[in-house]
$ cat protein03.cif   # mmCIF, C-alpha atoms and all ligand atoms
data_entry
#
loop_
_atom_site.group_PDB
_atom_site.id
_atom_site.type_symbol
_atom_site.label_atom_id
_atom_site.label_comp_id
_atom_site.auth_asym_id
_atom_site.auth_seq_id
_atom_site.Cartn_x
_atom_site.Cartn_y
_atom_site.Cartn_z
ATOM 1 C CA MET A 1 46.578 19.459 42.494
ATOM 2 C CA LYS A 2 44.198 20.823 39.882
ATOM 3 C CA TYR A 3 44.444 24.163 38.172
ATOM 4 C CA PRO A 4 42.446 25.773 35.331
ATOM 5 C CA LYS A 5 44.056 26.011 31.879
ATOM 6 C CA GLU A 6 43.183 29.672 31.542
ATOM 7 C CA VAL A 7 43.061 32.210 34.330
ATOM 8 C CA ASN A 8 42.391 35.890 34.605
ATOM 9 C CA ALA A 9 45.581 37.206 36.183
ATOM 10 C CA TYR A 10 47.559 40.387 36.556
ATOM 11 C CA CYS A 11 50.110 41.049 33.828
ATOM 12 C CA PRO A 12 52.908 43.405 34.941
ATOM 13 C CA ASN A 13 53.613 44.309 31.324
ATOM 14 C CA CYS A 14 50.027 45.312 30.463
ATOM 15 C CA ARG A 15 49.544 46.574 34.035
ATOM 16 C CA LYS A 16 46.095 45.049 34.256
ATOM 17 C CA HIS A 17 44.285 41.745 34.518
ATOM 18 C CA THR A 18 44.278 39.750 31.302
ATOM 19 C CA LEU A 19 43.470 36.211 30.247
ATOM 20 C CA ASN A 20 46.513 34.009 30.832
ATOM 21 C CA LYS A 21 47.314 30.521 29.593
ATOM 22 C CA ALA A 22 48.730 28.300 32.310
ATOM 23 C CA LYS A 23 51.261 25.529 31.869
ATOM 24 C CA SER A 24 53.623 23.757 34.208
ATOM 25 C CA ALA A 25 57.112 25.168 34.533
ATOM 26 C CA SER A 26 59.946 22.820 33.734
ATOM 27 C CA LYS A 27 63.588 23.098 34.538
ATOM 28 C CA GLY A 28 65.932 23.280 31.592
ATOM 29 C CA LYS A 29 68.849 20.932 31.152
ATOM 30 C CA ALA A 30 71.724 21.485 33.564
ATOM 31 C CA ARG A 31 74.955 22.521 31.893
ATOM 32 C CA PRO A 32 77.741 20.402 33.400
ATOM 33 C CA MET A 33 80.465 22.748 32.206
ATOM 34 C CA ALA A 34 78.870 25.892 33.651
ATOM 35 C CA MET A 35 81.112 27.832 36.038
ATOM 36 C CA GLY A 36 78.920 27.211 39.067
ATOM 37 C CA ASN A 37 78.733 23.464 38.414
ATOM 38 C CA ARG A 38 82.488 23.167 37.991
ATOM 39 C CA LYS A 39 83.012 25.091 41.228
ATOM 40 C CA HIS A 40 80.563 22.804 43.027
ATOM 41 C CA GLU A 41 82.263 19.655 41.701
ATOM 42 C CA ARG A 42 85.589 20.925 43.012
ATOM 43 C CA LYS A 43 84.080 21.482 46.460
ATOM 44 C CA LEU A 44 82.736 17.928 46.557
ATOM 45 C CA MET A 45 86.234 16.495 46.147
ATOM 46 C CA GLY A 46 88.266 15.445 49.159
ATOM 47 C CA HIS A 47 87.005 14.696 52.650
ATOM 48 C CA GLY A 48 83.947 15.763 54.596
ATOM 49 C CA GLY A 49 82.967 19.124 55.857
ATOM 50 C CA LYS A 50 79.680 20.856 55.298
ATOM 51 C CA ARG A 51 78.944 21.019 51.611
ATOM 52 C CA ALA A 52 76.331 22.896 49.686
ATOM 53 C CA GLY A 53 73.649 20.872 47.981
ATOM 54 C CA GLU A 54 73.808 17.949 50.414
ATOM 55 C CA LYS A 55 70.726 17.985 52.589
ATOM 56 C CA THR A 56 70.367 16.111 55.835
ATOM 57 C CA VAL A 57 66.624 16.701 56.026
ATOM 58 C CA LYS A 58 64.498 16.067 52.951
ATOM 59 C CA LYS A 59 61.424 18.203 52.484
ATOM 60 C CA GLN A 60 58.136 16.446 51.860
ATOM 61 C CA GLY A 61 57.095 17.377 48.338
ATOM 62 C CA LYS A 62 57.709 20.462 46.282
ATOM 63 C CA ARG A 63 55.918 23.697 45.665
ATOM 64 C CA GLN A 64 54.335 23.647 42.229
ATOM 65 C CA LYS A 65 55.367 26.331 39.793
ATOM 66 C CA ILE A 66 53.378 27.362 36.748
ATOM 67 C CA ILE A 67 54.038 29.641 33.803
ATOM 68 C CA LEU A 68 51.366 32.150 32.888
ATOM 69 C CA GLU A 69 51.363 33.462 29.347
ATOM 70 C CA CYS A 70 49.500 36.688 28.713
ATOM 71 C CA SER A 71 47.128 36.437 25.755
ATOM 72 C CA VAL A 72 47.580 40.122 24.915
ATOM 73 C CA CYS A 73 51.340 40.718 25.024
ATOM 74 C CA LYS A 74 52.510 37.056 25.042
ATOM 75 C CA LYS A 75 54.867 37.707 27.977
ATOM 76 C CA LYS A 76 55.361 34.965 30.538
ATOM 77 C CA GLN A 77 55.394 35.071 34.310
ATOM 78 C CA GLU A 78 56.165 32.440 36.885
ATOM 79 C CA ARG A 79 53.819 31.775 39.717
ATOM 80 C CA VAL A 80 54.063 29.449 42.683
ATOM 81 C CA ILE A 81 50.746 27.946 43.663
ATOM 82 C CA GLY A 82 49.655 26.205 46.798
ATOM 83 C CA THR A 83 51.841 24.632 49.453
ATOM 84 C CA ARG A 84 54.232 21.704 49.325
ATOM 85 C CA THR A 85 52.613 18.731 47.619
ATOM 86 C CA LYS A 86 53.812 15.390 46.308
ATOM 87 C CA LYS A 87 51.234 15.291 43.553
ATOM 88 C CA LYS A 88 52.008 16.892 40.215
ATOM 89 C CA ILE A 89 49.886 19.709 38.925
ATOM 90 C CA GLU A 90 46.983 18.852 36.596
ATOM 91 C CA PHE A 91 45.265 21.242 34.255
ATOM 92 C CA ASN A 92 41.529 21.110 33.824
ATOM 93 C CA ALA A 93 40.158 20.847 30.332
HETATM 94 ZN ZN ZN A 101 50.253 41.238 29.086
#
$ encode --input "protein03.cif" --output "structure tokens"
Amino acid sequence: MKYPKEVNAYCPNCRKHTLNKAKSASKGKARPMAMGNRKHERKLMGHGGKRAGEKTVKKQGKRQKIILECSVCKKKQERVIGTRTKKKIEFNA
């Protein structure tokens, strides 16, 4: 999927349309000792049962997320674009 590097988009902070820089959103590193992760690990111990995070049906592809950075106030917003795709997002020059 292709997307322009700069787009004119609404900035909730400036409350108007401004020029925004687009880049792909990336997940940060998972913290293995975070409370939620420890809780989840505990649930995975033992036998069977329905457990969170184990999917029986895998979705085809993911919805691409981008980060828009306002050129005026430098605030960032997330935006989901398009539908589920297997291809990674590309930014036009
Ligand atoms: Zn702004």
$ resolve_selection --input "protein03.cif" --expression "the PyMOL selection byres (((chain A and resi 72-89) around 6) and not hetatm)" --output "VMD selection string"
chain A and resid 1 to 2 61 to 71 90
$ write_last_selection --input "protein03.cif" --atoms "C-alpha atoms" --output "PDB file, keeping the file's coordinate frame"
ATOM      1  CA  MET A   1      46.578  19.459  42.494  1.00  0.00           C
ATOM      2  CA  LYS A   2      44.198  20.823  39.882  1.00  0.00           C
ATOM      3  CA  GLY A  61      57.095  17.377  48.338  1.00  0.00           C
ATOM      4  CA  LYS A  62      57.709  20.462  46.282  1.00  0.00           C
ATOM      5  CA  ARG A  63      55.918  23.697  45.665  1.00  0.00           C
ATOM      6  CA  GLN A  64      54.335  23.647  42.229  1.00  0.00           C
ATOM      7  CA  LYS A  65      55.367  26.331  39.793  1.00  0.00           C
ATOM      8  CA  ILE A  66      53.378  27.362  36.748  1.00  0.00           C
ATOM      9  CA  ILE A  67      54.038  29.641  33.803  1.00  0.00           C
ATOM     10  CA  LEU A  68      51.366  32.150  32.888  1.00  0.00           C
ATOM     11  CA  GLU A  69      51.363  33.462  29.347  1.00  0.00           C
ATOM     12  CA  CYS A  70      49.500  36.688  28.713  1.00  0.00           C
ATOM     13  CA  SER A  71      47.128  36.437  25.755  1.00  0.00           C
ATOM     14  CA  GLU A  90      46.983  18.852  36.596  1.00  0.00           C
TER      15      GLU A  90
END
$ atom_distance --input "protein03.cif" --atom1 "atom ZN of ligand ZN 101 (chain A)" --atom2 "atom CA of Asn8 of chain A"
11.0 Å
$ closest_residue --input "protein03.cif" --among "A:Ala25, A:Leu44, A:Leu19, A:Cys14" --to "ligand ZN 101 (chain A)" --atoms "only C-alpha atoms and all ligand atoms"
A:Cys14
$ closest_residue --input "protein03.cif" --among "A:Phe91, A:Lys23, A:His17, A:Tyr3" --to "ligand ZN 101 (chain A)" --atoms "only C-alpha atoms and all ligand atoms"
A:His17
$ closest_residue --input "protein03.cif" --among "A:Pro12, A:Pro32, A:Gly46, A:Pro4" --to "ligand ZN 101 (chain A)" --atoms "all atoms listed in the file"
A:Pro12
$ atom_distance --input "protein03.cif" --atom1 "atom CA of Ala34 of chain A" --atom2 "atom CA of Arg51 of chain A"
18.6 Å
$ atom_distance --input "protein03.cif" --atom1 "atom CA of Met45 of chain A" --atom2 "atom CA of Met33 of chain A"
16.3 Å
$ closest_residue --input "protein03.cif" --among "A:Met35, A:Asn20, A:Lys59, A:Gly49" --to "ligand ZN 101 (chain A)" --atoms "all atoms listed in the file"
A:Asn20
$ decode --input "protein03.cif" --residues "segment 22-47 of chain A" --atoms "N, CA and C atoms" --output "short mmCIF file (atom, residue, chain, number, x, y, z; two decimals), in the first residue's frame"
data_model
loop_
_atom_site.label_atom_id
_atom_site.label_comp_id
_atom_site.auth_asym_id
_atom_site.auth_seq_id
_atom_site.Cartn_x
_atom_site.Cartn_y
_atom_site.Cartn_z
N ALA A 22 3.96 11.95 7.62
CA ALA A 22 3.46 10.60 7.88
C ALA A 22 4.62 9.63 8.01
N LYS A 23 4.53 8.75 9.01
CA LYS A 23 5.49 7.65 9.11
C LYS A 23 4.76 6.45 9.70
N SER A 24 5.33 5.27 9.47
CA SER A 24 4.65 4.07 9.93
C SER A 24 4.78 3.94 11.44
N ALA A 25 3.71 3.49 12.06
CA ALA A 25 3.71 3.29 13.50
C ALA A 25 4.35 1.96 13.83
N SER A 26 5.17 1.95 14.86
CA SER A 26 5.80 0.70 15.25
C SER A 26 5.54 0.43 16.72
N LYS A 27 5.35 -0.83 17.01
CA LYS A 27 5.11 -1.22 18.39
C LYS A 27 6.42 -1.14 19.16
N GLY A 28 6.34 -0.68 20.39
CA GLY A 28 7.52 -0.66 21.24
C GLY A 28 7.84 -2.05 21.74
N LYS A 29 8.94 -2.18 22.44
CA LYS A 29 9.32 -3.48 22.97
C LYS A 29 8.36 -3.89 24.09
N ALA A 30 7.99 -5.18 24.10
CA ALA A 30 7.12 -5.67 25.17
C ALA A 30 7.93 -5.79 26.44
N ARG A 31 7.32 -5.44 27.56
CA ARG A 31 8.03 -5.57 28.84
C ARG A 31 7.58 -6.87 29.50
N PRO A 32 8.48 -7.85 29.57
CA PRO A 32 8.09 -9.17 30.09
C PRO A 32 7.69 -9.15 31.56
N MET A 33 8.18 -8.16 32.30
CA MET A 33 7.85 -8.14 33.72
C MET A 33 6.68 -7.21 34.04
N ALA A 34 5.99 -6.73 33.00
CA ALA A 34 4.82 -5.87 33.24
C ALA A 34 3.71 -6.71 33.88
N MET A 35 2.89 -6.05 34.69
CA MET A 35 1.84 -6.75 35.43
C MET A 35 0.96 -7.61 34.52
N GLY A 36 0.51 -7.02 33.43
CA GLY A 36 -0.39 -7.74 32.53
C GLY A 36 0.26 -8.97 31.93
N ASN A 37 1.54 -8.87 31.58
CA ASN A 37 2.26 -10.01 31.01
C ASN A 37 2.45 -11.13 32.02
N ARG A 38 2.75 -10.75 33.26
CA ARG A 38 2.92 -11.76 34.31
C ARG A 38 1.61 -12.48 34.57
N LYS A 39 0.52 -11.73 34.57
CA LYS A 39 -0.82 -12.28 34.77
C LYS A 39 -1.15 -13.27 33.66
N HIS A 40 -0.82 -12.87 32.43
CA HIS A 40 -1.10 -13.71 31.26
C HIS A 40 -0.30 -15.01 31.32
N GLU A 41 0.98 -14.91 31.69
CA GLU A 41 1.84 -16.09 31.81
C GLU A 41 1.25 -17.09 32.81
N ARG A 42 0.74 -16.56 33.92
CA ARG A 42 0.16 -17.40 34.95
C ARG A 42 -1.06 -18.14 34.40
N LYS A 43 -1.84 -17.46 33.58
CA LYS A 43 -3.05 -18.07 33.02
C LYS A 43 -2.71 -19.18 32.05
N LEU A 44 -1.55 -19.05 31.38
CA LEU A 44 -1.17 -20.05 30.38
C LEU A 44 -0.66 -21.34 31.02
N MET A 45 -0.37 -21.30 32.31
CA MET A 45 0.11 -22.50 32.99
C MET A 45 -1.04 -23.49 33.19
N GLY A 46 -0.68 -24.75 33.38
CA GLY A 46 -1.70 -25.75 33.65
C GLY A 46 -2.36 -26.27 32.39
N HIS A 47 -3.53 -26.85 32.53
CA HIS A 47 -4.20 -27.50 31.40
C HIS A 47 -5.30 -26.63 30.82
#
